[in-house]
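Pasting final15.txt here (compact mmCIF, C-alpha atoms):
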```
# COMPACT_ATOMS: atom_id res chain seq x y z
CA MET X 7 -48.29 -102.44 -48.38
CA ALA X 8 -50.85 -104.94 -47.13
CA ARG X 9 -49.49 -108.03 -45.43
CA ARG X 10 -49.27 -110.94 -47.84
CA ARG X 11 -49.24 -114.71 -47.41
CA GLN X 12 -46.22 -116.03 -45.56
CA ILE X 13 -44.11 -118.40 -47.66
CA TYR X 14 -41.28 -119.26 -45.26
CA GLU X 15 -39.81 -118.24 -41.90
CA GLY X 16 -36.16 -118.73 -41.07
CA LYS X 17 -34.00 -117.79 -38.13
CA ALA X 18 -33.45 -114.18 -39.20
CA LYS X 19 -35.98 -113.46 -41.96
CA ILE X 20 -39.52 -114.11 -43.14
CA LEU X 21 -40.50 -114.45 -46.79
CA TYR X 22 -43.92 -113.32 -48.03
CA GLU X 23 -45.45 -113.62 -51.47
CA GLY X 24 -44.57 -110.66 -53.65
CA PRO X 25 -46.77 -108.21 -55.54
CA GLU X 26 -45.91 -109.82 -58.89
CA PRO X 27 -45.26 -113.41 -60.01
CA GLY X 28 -41.65 -114.40 -59.46
CA THR X 29 -41.13 -111.95 -56.57
CA LEU X 30 -41.05 -112.22 -52.79
CA ILE X 31 -40.92 -109.78 -49.90
CA GLN X 32 -38.05 -110.44 -47.51
CA TYR X 33 -38.64 -109.24 -43.95
CA PHE X 34 -35.66 -108.85 -41.58
CA LYS X 35 -36.28 -109.87 -37.96
CA ASP X 36 -34.47 -108.87 -34.77
CA ASP X 37 -34.14 -112.51 -33.73
CA ALA X 38 -30.58 -113.71 -33.22
CA THR X 39 -29.39 -117.30 -33.13
CA ALA X 40 -26.02 -119.02 -32.83
CA PHE X 41 -24.61 -122.55 -32.79
CA ASN X 42 -27.35 -123.85 -35.10
CA ALA X 43 -30.10 -122.15 -33.07
CA GLN X 44 -28.94 -123.67 -29.76
CA LYS X 45 -28.51 -120.11 -28.51
CA LYS X 46 -31.37 -117.68 -29.14
CA GLY X 47 -31.97 -114.05 -28.34
CA THR X 48 -32.91 -110.66 -29.74
CA ILE X 49 -30.74 -107.80 -30.94
CA SER X 50 -33.00 -104.76 -30.96
CA GLY X 51 -32.93 -103.05 -34.35
CA LYS X 52 -30.76 -105.68 -36.01
CA GLY X 53 -33.30 -106.30 -38.77
CA VAL X 54 -33.44 -102.64 -39.70
CA LEU X 55 -29.67 -102.34 -39.89
CA ASN X 56 -29.17 -105.60 -41.77
CA ASN X 57 -31.82 -104.60 -44.30
CA ARG X 58 -30.00 -101.36 -45.03
CA ILE X 59 -26.49 -102.84 -45.04
CA SER X 60 -27.48 -105.76 -47.28
CA GLU X 61 -29.29 -103.43 -49.69
CA HIS X 62 -26.17 -101.29 -49.95
CA ILE X 63 -23.82 -104.21 -50.57
CA PHE X 64 -26.09 -105.99 -53.07
CA THR X 65 -26.55 -102.73 -54.98
CA LEU X 66 -22.78 -102.26 -55.18
CA LEU X 67 -22.26 -105.87 -56.28
CA ALA X 68 -24.77 -105.37 -59.10
CA THR X 69 -22.62 -102.51 -60.43
CA ILE X 70 -19.71 -104.93 -60.96
CA GLY X 71 -21.92 -107.49 -62.69
CA VAL X 72 -22.71 -109.89 -59.84
CA PRO X 73 -26.28 -111.16 -60.41
CA THR X 74 -28.41 -111.06 -57.25
CA HIS X 75 -32.01 -111.60 -56.16
CA PHE X 76 -32.28 -108.02 -54.81
CA ILE X 77 -34.71 -105.69 -56.57
CA ARG X 78 -35.25 -102.80 -54.14
CA ARG X 79 -35.76 -101.96 -50.48
CA LEU X 80 -39.41 -101.33 -49.61
CA ASN X 81 -39.17 -99.92 -46.09
CA MET X 82 -37.15 -100.19 -42.88
CA ARG X 83 -37.42 -103.97 -42.67
CA GLU X 84 -38.46 -105.26 -46.07
CA GLN X 85 -36.94 -105.84 -49.49
CA LEU X 86 -38.49 -106.87 -52.77
CA ILE X 87 -36.51 -109.81 -54.15
CA ARG X 88 -36.64 -112.27 -57.03
CA GLN X 89 -38.01 -115.67 -56.13
CA VAL X 90 -35.29 -118.27 -56.57
CA GLU X 91 -34.84 -121.97 -56.00
CA ILE X 92 -32.30 -121.98 -53.17
CA VAL X 93 -29.29 -124.24 -53.63
CA PRO X 94 -29.11 -126.15 -50.30
CA ILE X 95 -25.49 -125.24 -49.71
CA GLU X 96 -23.97 -122.56 -47.46
CA VAL X 97 -20.79 -121.20 -49.00
CA VAL X 98 -18.26 -119.91 -46.47
CA VAL X 99 -15.38 -117.79 -47.75
CA ARG X 100 -12.42 -117.53 -45.35
CA ASN X 101 -9.54 -115.03 -45.48
CA VAL X 102 -8.45 -115.28 -41.83
CA ALA X 103 -8.57 -118.22 -39.43
CA ALA X 104 -11.51 -117.89 -37.03
CA GLY X 105 -14.53 -119.73 -35.67
CA SER X 106 -14.98 -123.36 -36.64
CA LEU X 107 -11.86 -123.38 -38.86
CA SER X 108 -9.66 -122.53 -35.88
CA LYS X 109 -11.37 -125.18 -33.74
CA ARG X 110 -11.23 -127.90 -36.39
CA LEU X 111 -7.60 -127.41 -37.41
CA GLY X 112 -6.08 -125.87 -34.29
CA ILE X 113 -5.03 -122.71 -36.10
CA GLU X 114 -4.79 -119.63 -33.90
CA GLU X 115 -7.68 -117.25 -34.48
CA GLY X 116 -6.58 -114.20 -36.40
CA THR X 117 -3.97 -116.02 -38.51
CA GLN X 118 -3.94 -114.67 -42.05
CA LEU X 119 -4.52 -117.57 -44.41
CA PRO X 120 -1.95 -117.98 -47.22
CA ARG X 121 -4.86 -118.15 -49.67
CA THR X 122 -8.61 -117.71 -49.57
CA ILE X 123 -10.48 -120.90 -48.67
CA ILE X 124 -14.02 -121.76 -49.79
CA GLU X 125 -15.92 -124.31 -47.70
CA TYR X 126 -19.35 -125.83 -48.28
CA PHE X 127 -21.96 -126.81 -45.71
CA TYR X 128 -25.23 -128.66 -46.26
CA LYS X 129 -28.18 -126.48 -45.24
CA ASP X 130 -29.99 -128.61 -42.68
CA ASP X 131 -30.54 -127.30 -39.15
CA ALA X 132 -31.51 -130.72 -37.82
CA LEU X 133 -28.11 -132.07 -38.90
CA GLY X 134 -26.21 -129.01 -37.70
CA ASP X 135 -25.32 -127.81 -41.22
CA PRO X 136 -22.54 -130.40 -41.75
CA MET X 137 -19.47 -129.60 -43.78
CA ILE X 138 -19.51 -131.25 -47.23
CA THR X 139 -17.25 -131.62 -50.25
CA ASP X 140 -17.71 -131.30 -54.01
CA GLU X 141 -18.07 -135.08 -54.08
CA HIS X 142 -21.09 -134.98 -51.75
CA ILE X 143 -22.67 -132.17 -53.77
CA SER X 144 -22.23 -134.09 -57.04
CA CYS X 145 -23.27 -137.45 -55.59
CA PHE X 146 -26.54 -136.21 -54.12
CA GLY X 147 -27.38 -133.84 -56.97
CA TRP X 148 -27.54 -130.68 -54.87
CA ALA X 149 -25.85 -128.72 -57.67
CA SER X 150 -24.28 -129.55 -61.02
CA GLN X 151 -20.57 -129.24 -61.72
CA GLU X 152 -21.26 -126.21 -63.92
CA GLU X 153 -23.31 -124.60 -61.15
CA MET X 154 -20.53 -125.21 -58.62
CA HIS X 155 -18.04 -123.53 -60.96
CA ASP X 156 -20.38 -120.52 -61.18
CA ILE X 157 -20.84 -120.48 -57.39
CA ALA X 158 -17.09 -120.62 -56.71
CA ASP X 159 -16.37 -117.91 -59.32
CA LEU X 160 -19.04 -115.62 -57.89
CA ALA X 161 -17.86 -116.25 -54.31
CA ILE X 162 -14.32 -115.18 -55.21
CA ARG X 163 -15.58 -112.09 -57.06
CA VAL X 164 -17.72 -111.09 -54.08
CA ASN X 165 -14.81 -111.69 -51.71
CA ASP X 166 -12.40 -109.58 -53.75
CA PHE X 167 -14.89 -106.73 -53.87
CA LEU X 168 -15.88 -106.88 -50.20
CA CYS X 169 -12.29 -107.10 -48.97
CA GLY X 170 -11.58 -103.81 -50.73
CA LEU X 171 -14.85 -102.22 -49.63
CA PHE X 172 -14.32 -103.02 -45.96
CA ALA X 173 -10.59 -102.30 -45.98
CA GLY X 174 -11.44 -98.81 -47.21
CA ILE X 175 -13.40 -98.18 -44.00
CA GLY X 176 -10.89 -99.78 -41.65
CA ILE X 177 -12.55 -103.21 -41.35
CA ARG X 178 -10.91 -106.59 -41.88
CA LEU X 179 -13.15 -109.10 -43.66
CA VAL X 180 -12.30 -112.30 -41.81
CA ASP X 181 -14.88 -114.62 -43.35
CA PHE X 182 -18.50 -114.59 -44.51
CA LYS X 183 -21.38 -116.82 -45.60
CA LEU X 184 -23.14 -116.72 -48.95
CA GLU X 185 -26.21 -118.45 -50.33
CA PHE X 186 -27.13 -118.89 -53.98
CA GLY X 187 -30.31 -119.64 -55.89
CA ARG X 188 -31.46 -120.68 -59.34
CA ILE X 189 -33.47 -118.48 -61.67
CA TRP X 190 -35.23 -120.60 -64.29
CA ASP X 191 -35.71 -119.63 -67.93
CA ASN X 192 -37.69 -122.54 -69.36
CA ASP X 193 -35.31 -125.51 -68.93
CA TYR X 194 -32.23 -123.39 -68.29
CA ALA X 195 -31.21 -122.43 -64.76
CA ARG X 196 -28.91 -119.52 -63.92
CA ILE X 197 -27.12 -119.11 -60.56
CA ILE X 198 -27.50 -115.80 -58.73
CA LEU X 199 -26.58 -114.51 -55.28
CA ALA X 200 -29.42 -114.70 -52.71
CA ASP X 201 -30.12 -114.26 -48.98
CA GLU X 202 -28.24 -111.29 -47.45
CA ILE X 203 -24.78 -109.93 -46.69
CA SER X 204 -24.66 -108.27 -43.28
CA PRO X 205 -22.87 -108.49 -39.91
CA ASP X 206 -25.09 -111.52 -39.22
CA GLY X 207 -23.18 -113.61 -41.75
CA CYS X 208 -19.78 -111.89 -41.82
CA ARG X 209 -16.90 -111.72 -39.38
CA LEU X 210 -15.80 -108.09 -39.40
CA TRP X 211 -12.89 -106.91 -37.24
CA ASP X 212 -11.66 -103.38 -36.77
CA MET X 213 -8.28 -103.21 -38.50
CA THR X 214 -6.63 -101.22 -35.72
CA SER X 215 -8.13 -102.57 -32.49
CA GLY X 216 -9.28 -106.01 -33.63
CA GLU X 217 -12.70 -105.27 -32.11
CA LYS X 218 -15.43 -107.56 -33.40
CA LEU X 219 -18.18 -105.73 -35.30
CA ASP X 220 -20.47 -108.69 -36.05
CA LYS X 221 -22.65 -111.45 -34.57
CA ASP X 222 -19.70 -112.95 -32.70
CA ARG X 223 -20.52 -110.37 -30.03
CA PHE X 224 -23.77 -112.29 -29.51
CA ARG X 225 -22.22 -115.75 -29.89
CA ARG X 226 -19.53 -115.02 -27.30
CA ASP X 227 -21.60 -112.91 -24.88
CA LEU X 228 -19.43 -109.85 -25.48
CA GLY X 229 -22.36 -107.41 -25.45
CA GLY X 230 -22.58 -104.28 -27.56
CA GLU X 231 -24.18 -106.04 -30.51
CA VAL X 232 -26.35 -103.09 -31.56
CA GLU X 233 -23.45 -100.67 -31.32
CA ALA X 234 -21.27 -102.96 -33.45
CA TYR X 235 -23.88 -103.22 -36.21
CA GLN X 236 -24.43 -99.47 -36.06
CA GLU X 237 -20.68 -98.88 -36.39
CA VAL X 238 -20.57 -100.93 -39.59
CA ALA X 239 -23.52 -98.96 -40.96
CA ARG X 240 -21.85 -95.65 -40.01
CA ARG X 241 -18.59 -96.53 -41.71
CA LEU X 242 -20.48 -97.54 -44.86
CA GLY X 243 -22.11 -94.08 -44.82
CA LEU X 244 -25.58 -95.46 -44.08
CA LEU X 245 -26.06 -94.09 -40.58
CA PRO X 246 -25.10 -90.47 -39.90
CA GLU X 247 -23.69 -89.61 -36.49
CA GLY X 248 -26.45 -89.16 -33.92
CA ALA X 249 -29.08 -90.88 -36.07
CA ASP X 250 -29.52 -93.99 -33.91
CA SER X 251 -33.13 -93.26 -33.00
CA ALA X 252 -34.13 -92.76 -36.63
CA VAL X 253 -32.86 -96.18 -37.57
CA LEU X 254 -34.03 -98.01 -34.49
CA ASP X 255 -37.53 -96.55 -34.19
CA LEU X 256 -39.08 -100.00 -34.05
CA GLU X 257 -42.14 -99.23 -31.95
CA GLU X 258 -43.57 -96.99 -34.65
CA HIS X 259 -42.92 -99.73 -37.21
CA ARG X 260 -44.69 -102.36 -35.09
CA LEU X 261 -47.71 -100.12 -34.64
CA LYS X 262 -47.95 -99.64 -38.40
CA ARG X 263 -47.76 -103.41 -38.85
CA GLY X 264 -50.40 -103.98 -36.19
CA LYS X 265 -48.10 -106.11 -34.07
```
Could you spell out this file's structure in C-alpha cells?
Amino acid sequence: MARRRQIYEGKAKILYEGPEPGTLIQYFKDDATAFNAQKKGTISGKGVLNNRISEHIFTLLATIGVPTHFIRRLNMREQLIRQVEIVPIEVVVRNVAAGSLSKRLGIEEGTQLPRTIIEYFYKDDALGDPMITDEHISCFGWASQEEMHDIADLAIRVNDFLCGLFAGIGIRLVDFKLEFGRIWDNDYARIILADEISPDGCRLWDMTSGEKLDKDRFRRDLGGEVEAYQEVARRLGLLPEGADSAVLDLEEHRLKRGK
C-alpha cells in the first residue's frame, strides 16, 4: 500500500489518511515513553506486537457487542480503522492498586481493590494529563452526560471481559487505559472504543510470580520489555514458541517502507 498523507503523530502511533472516506491507517511505532514523555526510548518490535495484540483483543470485543474503530489489520505494523472524533478523556479502569493510585492515596501496590474504580484524565501532554471529575467534563463540554454513561458502561464491559480473558492465561489485569471516539451519523453521535489495548496501556502481572508483563518494565528500568510483550502474545496464542524472529523482523519491514 502506498504511503498516504500523515494526519497525526502521537507517542506510540502515527495516523495516515485511509483508502476510503471515513477511514484511517494506524501505524504502530517502537517508540516508548513514560511519565508524560519525560522518559523516552525504544522497545524493538513493540509496534509489531502491539498491533497484533490489539487486533486480537478488539476482534474479541466485537464478538460481545462492544463497538470499536477497528476494521482489520493490514500488515505487521498497520491497521485500518474508522475515523472518529476522539473524546479528550483518558479512561483508566483499576482493579488493583498500582502506579499513580498507590502514590496518591498511599495504598500498597498490589492491594486488591474492594470494587473496580474508573478514573478520568484530561488528554493534554503539556498539562501532564491531569485527573478530572465528571463535573469538569460536564462544565467544559468535553462529553455529554449521556456519552459519559455510555463510556462508563463500555469501560466496565471491557474490564469484565478482559479480566476473564487474561485470568484464563494466568495474567492479572491490574489496570488499563481506554480511549473513546464519536462516530457521527448526521447530527447524532455514537460512542465507540478507539486507540489500542496492549501492554503499552495495561498493567499485566503474572498471577503466580507477580512478574510485570507490560510497559512498567520500561518505566522502572527493569529491562526485558520485549520478552514481556512477547510472553503476553504467546499466552494469547499469537506468537508460537520459537517464532520471535518472524514477529520482530523489522529490518525487512523498514526496507519495504523505504526507511
Excluding Leu21 in chain X and residues on its chain fewer than 2 positions from it, collect all residues at most 6 Å away from it, counting all atoms listed in the file, and give them as a PyMOL selection string.
chain X and resi 13-14+31-32
Quick one: pull the distance between CA of Ile59 in chain X and CA of Phe34 in chain X, Å, one decimal.
11.5 Å
Find the distance between CA of Gly112 in chain X and CA of Arg163 in chain X and write it in Å to one decimal.
28.3 Å
Pull the closest atom pair for each residue of range 160-256 of chain X that gets at most 10 Å from range 60-69 of chain X, along with the distance in Å to one decimal, counting all atoms listed in the file, ordering rows by chain and then ascending residue number, as a Markdown table.
```
| residue | atom | partner | partner_atom | distance |
| --- | --- | --- | --- | --- |
| X:Arg163 | CA | X:Leu67 | CA | 9.2 |
| X:Val164 | CA | X:Leu67 | CA | 7.3 |
| X:Phe167 | CA | X:Leu67 | CA | 7.8 |
| X:Leu168 | CA | X:Ile63 | CA | 8.4 |
| X:Leu171 | CA | X:Ile63 | CA | 9.2 |
| X:Leu199 | CA | X:Phe64 | CA | 8.8 |
| X:Ala200 | CA | X:Phe64 | CA | 9.3 |
| X:Asp201 | CA | X:Ser60 | CA | 9.1 |
| X:Glu202 | CA | X:Ser60 | CA | 5.6 |
| X:Ile203 | CA | X:Ser60 | CA | 5.0 |
| X:Ser204 | CA | X:Ser60 | CA | 5.5 |
| X:Pro205 | CA | X:Ser60 | CA | 9.1 |
| X:Ala239 | CA | X:His62 | CA | 9.7 |
| X:Leu242 | CA | X:His62 | CA | 8.5 |
| X:Gly243 | CA | X:His62 | CA | 9.7 |
| X:Leu244 | CA | X:His62 | CA | 8.3 |
```
At a cut-off of 9 Å, using only C-alpha atoms, what residues contact Gly170 in chain X? Leave out same-chain residues fewer than 5 positions from it and give the result as a compact mmCIF listing (two decimals) with C-alpha atoms, in the coordinates of the input.
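Wrote part-v8.txt, looks like this:
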```txt
# COMPACT_ATOMS: atom_id res chain seq x y z
CA ASN X 165 -14.81 -111.69 -51.71
CA ILE X 175 -13.40 -98.18 -44.00
CA LEU X 179 -13.15 -109.10 -43.66
```
Looking at all atoms listed in the file, which of X:Pro94, X:Gly51, X:Gly207, X:Gly16 is the one that sits closest to Pro136 in chain X?
X:Pro94
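Taking CA of Gly229 in chain X as the reference point, CA of Asn56 in chain X is found at 17.8 Å.
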Find the residues near Asp135 in chain X: any atom within 10 Å, counting all atoms listed in the file, skip ones fewer than 6 places away on the same chain, and give them as a PyMOL selection string.
chain X and resi 41-42+94-96+126-129
Just need range 164-186 of chain X in a file, please: N, CA, C and O atoms, as a PDB file, in the first residue's frame.
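Generated output (part26.pdb):
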```pdb
ATOM      1  N   VAL X 164     -15.771  -3.901  29.022  1.00  0.00           N
ATOM      2  CA  VAL X 164     -14.434  -4.271  28.555  1.00  0.00           C
ATOM      3  C   VAL X 164     -13.631  -4.860  29.710  1.00  0.00           C
ATOM      4  O   VAL X 164     -12.932  -5.871  29.557  1.00  0.00           O
ATOM      5  N   ASN X 165     -13.726  -4.245  30.881  1.00  0.00           N
ATOM      6  CA  ASN X 165     -12.984  -4.742  32.037  1.00  0.00           C
ATOM      7  C   ASN X 165     -13.412  -6.160  32.413  1.00  0.00           C
ATOM      8  O   ASN X 165     -12.572  -7.038  32.656  1.00  0.00           O
ATOM      9  N   ASP X 166     -14.709  -6.396  32.461  1.00  0.00           N
ATOM     10  CA  ASP X 166     -15.210  -7.729  32.816  1.00  0.00           C
ATOM     11  C   ASP X 166     -14.683  -8.777  31.836  1.00  0.00           C
ATOM     12  O   ASP X 166     -14.235  -9.866  32.241  1.00  0.00           O
ATOM     13  N   PHE X 167     -14.713  -8.428  30.556  1.00  0.00           N
ATOM     14  CA  PHE X 167     -14.262  -9.376  29.538  1.00  0.00           C
ATOM     15  C   PHE X 167     -12.757  -9.620  29.644  1.00  0.00           C
ATOM     16  O   PHE X 167     -12.287 -10.772  29.617  1.00  0.00           O
ATOM     17  N   LEU X 168     -11.982  -8.531  29.765  1.00  0.00           N
ATOM     18  CA  LEU X 168     -10.530  -8.678  29.784  1.00  0.00           C
ATOM     19  C   LEU X 168     -10.037  -9.380  31.040  1.00  0.00           C
ATOM     20  O   LEU X 168      -9.055 -10.135  30.992  1.00  0.00           O
ATOM     21  N   CYS X 169     -10.691  -9.129  32.173  1.00  0.00           N
ATOM     22  CA  CYS X 169     -10.289  -9.827  33.402  1.00  0.00           C
ATOM     23  C   CYS X 169     -10.381 -11.333  33.208  1.00  0.00           C
ATOM     24  O   CYS X 169      -9.484 -12.080  33.599  1.00  0.00           O
ATOM     25  N   GLY X 170     -11.474 -11.777  32.590  1.00  0.00           N
ATOM     26  CA  GLY X 170     -11.638 -13.205  32.329  1.00  0.00           C
ATOM     27  C   GLY X 170     -10.651 -13.720  31.303  1.00  0.00           C
ATOM     28  O   GLY X 170     -10.082 -14.805  31.458  1.00  0.00           O
ATOM     29  N   LEU X 171     -10.454 -12.934  30.228  1.00  0.00           N
ATOM     30  CA  LEU X 171      -9.522 -13.338  29.175  1.00  0.00           C
ATOM     31  C   LEU X 171      -8.114 -13.543  29.725  1.00  0.00           C
ATOM     32  O   LEU X 171      -7.479 -14.582  29.490  1.00  0.00           O
ATOM     33  N   PHE X 172      -7.628 -12.554  30.482  1.00  0.00           N
ATOM     34  CA  PHE X 172      -6.263 -12.640  30.999  1.00  0.00           C
ATOM     35  C   PHE X 172      -6.139 -13.653  32.133  1.00  0.00           C
ATOM     36  O   PHE X 172      -5.118 -14.338  32.244  1.00  0.00           O
ATOM     37  N   ALA X 173      -7.165 -13.764  32.970  1.00  0.00           N
ATOM     38  CA  ALA X 173      -7.111 -14.762  34.041  1.00  0.00           C
ATOM     39  C   ALA X 173      -6.981 -16.166  33.458  1.00  0.00           C
ATOM     40  O   ALA X 173      -6.290 -17.028  34.028  1.00  0.00           O
ATOM     41  N   GLY X 174      -7.601 -16.388  32.314  1.00  0.00           N
ATOM     42  CA  GLY X 174      -7.532 -17.693  31.662  1.00  0.00           C
ATOM     43  C   GLY X 174      -6.149 -18.066  31.181  1.00  0.00           C
ATOM     44  O   GLY X 174      -5.879 -19.244  30.908  1.00  0.00           O
ATOM     45  N   ILE X 175      -5.251 -17.063  31.060  1.00  0.00           N
ATOM     46  CA  ILE X 175      -3.871 -17.351  30.634  1.00  0.00           C
ATOM     47  C   ILE X 175      -2.878 -16.968  31.736  1.00  0.00           C
ATOM     48  O   ILE X 175      -1.708 -16.718  31.484  1.00  0.00           O
ATOM     49  N   GLY X 176      -3.391 -16.937  32.974  1.00  0.00           N
ATOM     50  CA  GLY X 176      -2.508 -16.757  34.119  1.00  0.00           C
ATOM     51  C   GLY X 176      -1.994 -15.347  34.314  1.00  0.00           C
ATOM     52  O   GLY X 176      -0.922 -15.150  34.902  1.00  0.00           O
ATOM     53  N   ILE X 177      -2.760 -14.341  33.851  1.00  0.00           N
ATOM     54  CA  ILE X 177      -2.333 -12.942  33.979  1.00  0.00           C
ATOM     55  C   ILE X 177      -3.382 -12.158  34.760  1.00  0.00           C
ATOM     56  O   ILE X 177      -4.584 -12.285  34.511  1.00  0.00           O
ATOM     57  N   ARG X 178      -2.907 -11.352  35.685  1.00  0.00           N
ATOM     58  CA  ARG X 178      -3.774 -10.496  36.499  1.00  0.00           C
ATOM     59  C   ARG X 178      -3.875  -9.125  35.835  1.00  0.00           C
ATOM     60  O   ARG X 178      -2.860  -8.460  35.616  1.00  0.00           O
ATOM     61  N   LEU X 179      -5.089  -8.722  35.501  1.00  0.00           N
ATOM     62  CA  LEU X 179      -5.300  -7.400  34.902  1.00  0.00           C
ATOM     63  C   LEU X 179      -5.405  -6.381  36.031  1.00  0.00           C
ATOM     64  O   LEU X 179      -6.443  -6.252  36.670  1.00  0.00           O
ATOM     65  N   VAL X 180      -4.328  -5.646  36.253  1.00  0.00           N
ATOM     66  CA  VAL X 180      -4.243  -4.702  37.359  1.00  0.00           C
ATOM     67  C   VAL X 180      -5.025  -3.437  37.045  1.00  0.00           C
ATOM     68  O   VAL X 180      -5.898  -3.013  37.796  1.00  0.00           O
ATOM     69  N   ASP X 181      -4.706  -2.815  35.933  1.00  0.00           N
ATOM     70  CA  ASP X 181      -5.427  -1.636  35.460  1.00  0.00           C
ATOM     71  C   ASP X 181      -5.131  -1.448  33.981  1.00  0.00           C
ATOM     72  O   ASP X 181      -4.235  -2.103  33.424  1.00  0.00           O
ATOM     73  N   PHE X 182      -5.876  -0.549  33.337  1.00  0.00           N
ATOM     74  CA  PHE X 182      -5.633  -0.299  31.915  1.00  0.00           C
ATOM     75  C   PHE X 182      -6.295   1.006  31.504  1.00  0.00           C
ATOM     76  O   PHE X 182      -7.187   1.520  32.182  1.00  0.00           O
ATOM     77  N   LYS X 183      -5.826   1.551  30.392  1.00  0.00           N
ATOM     78  CA  LYS X 183      -6.304   2.820  29.852  1.00  0.00           C
ATOM     79  C   LYS X 183      -7.131   2.571  28.592  1.00  0.00           C
ATOM     80  O   LYS X 183      -6.769   1.735  27.762  1.00  0.00           O
ATOM     81  N   LEU X 184      -8.214   3.322  28.469  1.00  0.00           N
ATOM     82  CA  LEU X 184      -9.049   3.263  27.276  1.00  0.00           C
ATOM     83  C   LEU X 184      -9.245   4.668  26.731  1.00  0.00           C
ATOM     84  O   LEU X 184      -9.213   5.649  27.479  1.00  0.00           O
ATOM     85  N   GLU X 185      -9.458   4.747  25.413  1.00  0.00           N
ATOM     86  CA  GLU X 185      -9.865   5.995  24.790  1.00  0.00           C
ATOM     87  C   GLU X 185     -11.091   5.719  23.933  1.00  0.00           C
ATOM     88  O   GLU X 185     -11.259   4.617  23.389  1.00  0.00           O
ATOM     89  N   PHE X 186     -11.954   6.734  23.818  1.00  0.00           N
ATOM     90  CA  PHE X 186     -13.193   6.582  23.076  1.00  0.00           C
ATOM     91  C   PHE X 186     -13.324   7.695  22.042  1.00  0.00           C
ATOM     92  O   PHE X 186     -12.704   8.756  22.161  1.00  0.00           O
TER      93      PHE X 186
END
```
